[in-house]
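Working notes, beginning with the structure itself.
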Protein chains: 4
Amino acid sequence: MTDNFLVRPVKRQDYEQWLVLWEGYNRFYGRFDATALPTAITQMTWERFFDAYEPVHALVAEKDGQLLGLTHYLFHRSTTAIEPSCYLQDLFTSEAARGLGIGSALIEAVYAQARQAGSPRVYWQTHETNATAMRVYDKMAERSGFVVYRKLL
Amino acid sequence: MTDNFLVRPVKRQDYEQWLVLWEGYNRFYGRFDATALPTAITQMTWERFFDAYEPVHALVAEKDGQLLGLTHYLFHRSTTAIEPSCYLQDLFTSEAARGLGIGSALIEAVYAQARQAGSPRVYWQTHETNATAMRVYDKMAERSGFVVYRKLL
Amino acid sequence: MTDNFLVRPVKRQDYEQWLVLWEGYNRFYGRFDATALPTAITQMTWERFFDAYEPVHALVAEKDGQLLGLTHYLFHRSTTAIEPSCYLQDLFTSEAARGLGIGSALIEAVYAQARQAGSPRVYWQTHETNATAMRVYDKMAERSGFVVYRKLL
Amino acid sequence: MTDNFLVRPVKRQDYEQWLVLWEGYNRFYGRFDATALPTAITQMTWERFFDAYEPVHALVAEKDGQLLGLTHYLFHRSTTAIEPSCYLQDLFTSEAARGLGIGSALIEAVYAQARQAGSPRVYWQTHETNATAMRVYDKMAERSGFVVYRKLL
């Protein structure tokens with residue numbers, strides 16, 4: 001039923017609906033109330049989507065004027081390729097729209113954008129406990145076996 | 001014994017010794033002979049270290065004029081921060097110099113660079129089977145619980 | 001007669017025809033024979049058009065499968081704007097196609113791209129002796145009164 | 001008397017003094033009162049100096065803890081070089097410190113930074129009526145003969 005919705009680049013007019021999805025996504029990762037993402041970051045990220053100098057992009061899934069999902073991706077250098085890597089950083093479907101294939105359609109749309117942009121590789125991260133998401137991802141990509149270490153400075 | 005060696009930015013004169021380390025690193029990840037990294041990529045990556053427009057950097061560990069280890073890191077955007085993330089992509093110590101703390105000194109030096117660059121976060125990936133490396137990393141950083149999916153286009 | 005030709009982003013298949021225009025353009029600026037632009041630069045510039053991480057772009061004017069003109073533009077930061085500036089670096093029309101309005105159509109197309117990219121400003125340079133070009137430019141833009149100093153290092 | 005002052009990268013603690021110079025510079029170009037540069041732009045530009053992902057940099061001239069001058073420069077792509085161009089966008093000396101060679105020392109310091117960064121070329125713009133500045137520039141660089149056209153979108 002992927003033809004029921006449309007995947008397209010975000011537009012400035014989408015701001016209010018995009019914000020609802022973005023806040024839903026952040027809530028899922030525990031960023032709300034006292035730990036909410038600062039508004040200044042949300043504003044900056046939003047502006048970067050429309051800044052031709054920034055390699056940061058957003059796609060949304062829309063149906064009948066309603067935004068049902070979002071994905072944010074960005075290009076960055078890699079030491080093992082001439083072309084940039086494509087990092088799919090965020091993916092979210094509104095709760096009411098789960099099960100329609102919106103997540104996988106958004107991922108496929110990022111693949112298409114990356115291909116067109118000459119990028120040989122799309123990657124993303126998911127938490128090792130997120131079995132629901134991994135059921136989808138295992139059909140669409142390779143679980144690389146790599147795990148992420150991080151240091152907050 | 002970290003005071004026996006020096007960690008510093010790579011210089012053009014380091015090319016030959018750097019290349020030996022880089023090839024050792026690539027060999028570890030199975031990139032050699034038929035699957036070797038193309039020379040054009042190595043050349044481009046090397047040039048990017050010296051290109052002020054490229055946010056790609058290299059540090060080396062040196063002792064008595066000998067390069068013993070390398071790390072490559074790069075800055076890229078993130079949707080959840082105003083400041084860039086620092087991705088420590090490559091880390092390698094020559095076999096003869098293992099056990100001297102070169103790997104952790106290189107990581108610490110990347111932390112210092114990232115701090116100075118205003119980046120709130122350094123991260124890297126390692127294979128879930130690389131227990132040796134993880135013993136070092138577990139002391140220096142947080143295993144995030146995130147795993148990496150990838151799609152080659 | 002601007003409807004006789006089409007202005008569009010360059011494609012990889014355009015390479016051979018684009019190269020002829022690019023060499024014509026370089027010849028105009030004295031870059032030929034002993035002073036020719038090195039091939040490595042032409043190759044790199046060409047690749048950058050297709051690299052999603054690079055803010056360097058090319059448009060061409062095409063008629064019946066023939067490329068008649070080119071323009072290259074790039075986005076870069078400015079200290080007096082949040083949004084990037086758009087620098088129209090190169091503009092060229094093949095000799096056989098002069099007088100058809102191709103140059104001004106290419107400039108208008110860069111305006112459109114910059115507007116869509118959120119850039120508040122397109123600028124370019126021309127030599128103070130290039131009266132022919134300035135007759136066109138004076139109709140389409142403002143001669144700023146600024147002159148360019150440069151230092152080769 | 002260039003040894004009376006020091007040229008160095010800007011630091012966060014310089015903000016208040018830097019702002020005075022920046023406002024003096026903007027005033028010179030007619031950006032004050034009703035036409036003042038919006039505060040949001042000044043804030044963004046300031047933050048970019050400290051963002052490792054942004055190729056935007058600032059140097060200041062300091063004497064006895066007083067900032068006497070500033071220069072802002074940035075790197076951007078060029079279609080006729082593999083290495084980035086260095087655009088020296090802003091240069092200002094406080095009125096009280098004119099005639100000490102601060103402007104030329106700041107330009108020389110940008111040359112040094114660009115050289116170290118592998119950039120083959122520094123350039124800047126000045127208004128064709130600014131005879132005072134051009135007397136300095138003519139000693140340090142080449143007046144290229146190129147003039148700037150611009151279009152505000």
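The way I read the labels, and the way they are meant: chains A, B, ... in the order of the structure tokens, residue 1 as the first residue of every chain, and ligand 1 as the first ligand shown, with later ones counted on from there.
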Write out as JSON lines the residues of chain D that have any atom within 7 Å of an atom of chain C, one row each with the nearest atom pair and its distance in Å to one decimal, counting only C-alpha atoms, sorted by chain and then rising number.
{"residue": "D:Ile41", "atom": "CA", "partner": "C:Ile82", "partner_atom": "CA", "distance": 5.6}
{"residue": "D:Met44", "atom": "CA", "partner": "C:Ile82", "partner_atom": "CA", "distance": 6.6}
{"residue": "D:Thr45", "atom": "CA", "partner": "C:Thr79", "partner_atom": "CA", "distance": 5.5}
{"residue": "D:His76", "atom": "CA", "partner": "C:His76", "partner_atom": "CA", "distance": 5.9}
{"residue": "D:Thr79", "atom": "CA", "partner": "C:Thr45", "partner_atom": "CA", "distance": 5.5}
{"residue": "D:Thr80", "atom": "CA", "partner": "C:Ile41", "partner_atom": "CA", "distance": 6.4}
{"residue": "D:Ala81", "atom": "CA", "partner": "C:Ile41", "partner_atom": "CA", "distance": 5.7}
{"residue": "D:Ile82", "atom": "CA", "partner": "C:Ile41", "partner_atom": "CA", "distance": 5.6}
{"residue": "D:Arg115", "atom": "CA", "partner": "C:Leu153", "partner_atom": "CA", "distance": 6.5}
{"residue": "D:Pro120", "atom": "CA", "partner": "C:Leu153", "partner_atom": "CA", "distance": 5.2}
{"residue": "D:Arg121", "atom": "CA", "partner": "C:Leu152", "partner_atom": "CA", "distance": 4.6}
{"residue": "D:Val122", "atom": "CA", "partner": "C:Lys151", "partner_atom": "CA", "distance": 5.3}
{"residue": "D:Tyr123", "atom": "CA", "partner": "C:Arg150", "partner_atom": "CA", "distance": 4.1}
{"residue": "D:Trp124", "atom": "CA", "partner": "C:Tyr149", "partner_atom": "CA", "distance": 5.4}
{"residue": "D:Gln125", "atom": "CA", "partner": "C:Val148", "partner_atom": "CA", "distance": 4.5}
{"residue": "D:Thr126", "atom": "CA", "partner": "C:Phe146", "partner_atom": "CA", "distance": 5.2}
{"residue": "D:His127", "atom": "CA", "partner": "C:Phe146", "partner_atom": "CA", "distance": 4.2}
{"residue": "D:Glu128", "atom": "CA", "partner": "C:Phe146", "partner_atom": "CA", "distance": 5.7}
{"residue": "D:Ala141", "atom": "CA", "partner": "C:Lys151", "partner_atom": "CA", "distance": 4.9}
{"residue": "D:Glu142", "atom": "CA", "partner": "C:Arg150", "partner_atom": "CA", "distance": 5.3}
{"residue": "D:Arg143", "atom": "CA", "partner": "C:Tyr149", "partner_atom": "CA", "distance": 4.5}
{"residue": "D:Ser144", "atom": "CA", "partner": "C:Tyr149", "partner_atom": "CA", "distance": 5.5}
{"residue": "D:Gly145", "atom": "CA", "partner": "C:His127", "partner_atom": "CA", "distance": 5.6}
{"residue": "D:Phe146", "atom": "CA", "partner": "C:His127", "partner_atom": "CA", "distance": 4.2}
{"residue": "D:Val147", "atom": "CA", "partner": "C:Val147", "partner_atom": "CA", "distance": 4.5}
{"residue": "D:Val148", "atom": "CA", "partner": "C:Gln125", "partner_atom": "CA", "distance": 4.5}
{"residue": "D:Tyr149", "atom": "CA", "partner": "C:Arg143", "partner_atom": "CA", "distance": 4.5}
{"residue": "D:Arg150", "atom": "CA", "partner": "C:Tyr123", "partner_atom": "CA", "distance": 4.1}
{"residue": "D:Lys151", "atom": "CA", "partner": "C:Ala141", "partner_atom": "CA", "distance": 5.0}
{"residue": "D:Leu152", "atom": "CA", "partner": "C:Arg121", "partner_atom": "CA", "distance": 4.6}
{"residue": "D:Leu153", "atom": "CA", "partner": "C:Pro120", "partner_atom": "CA", "distance": 5.2}
List the spatial neighbours of Leu67 of chain A as a PyMOL selection string - criterion: any atom at most 10 Å away, only C-alpha atoms, same-chain residues fewer than 2 positions off excluded.
chain A and resi 5-7+10+14+16-18+20-21+60-65+69-70+93-94+97
Of the candidates B:Ala133, B:Ala96, B:Ala109, B:Ala117, which one gets nearest to Pro84 of chain B if we count only C-alpha atoms?
B:Ala117
DSSP-assigned helix (DSSP H, G or I) among segment 20-100 of chain B, expressed as a ChimeraX atom specification
/B:20-28,33-35,39-49,95-97
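Of note, atom CA of Arg27 of chain B and atom CA of Phe92 of chain B are spaced 10.9 Å apart.
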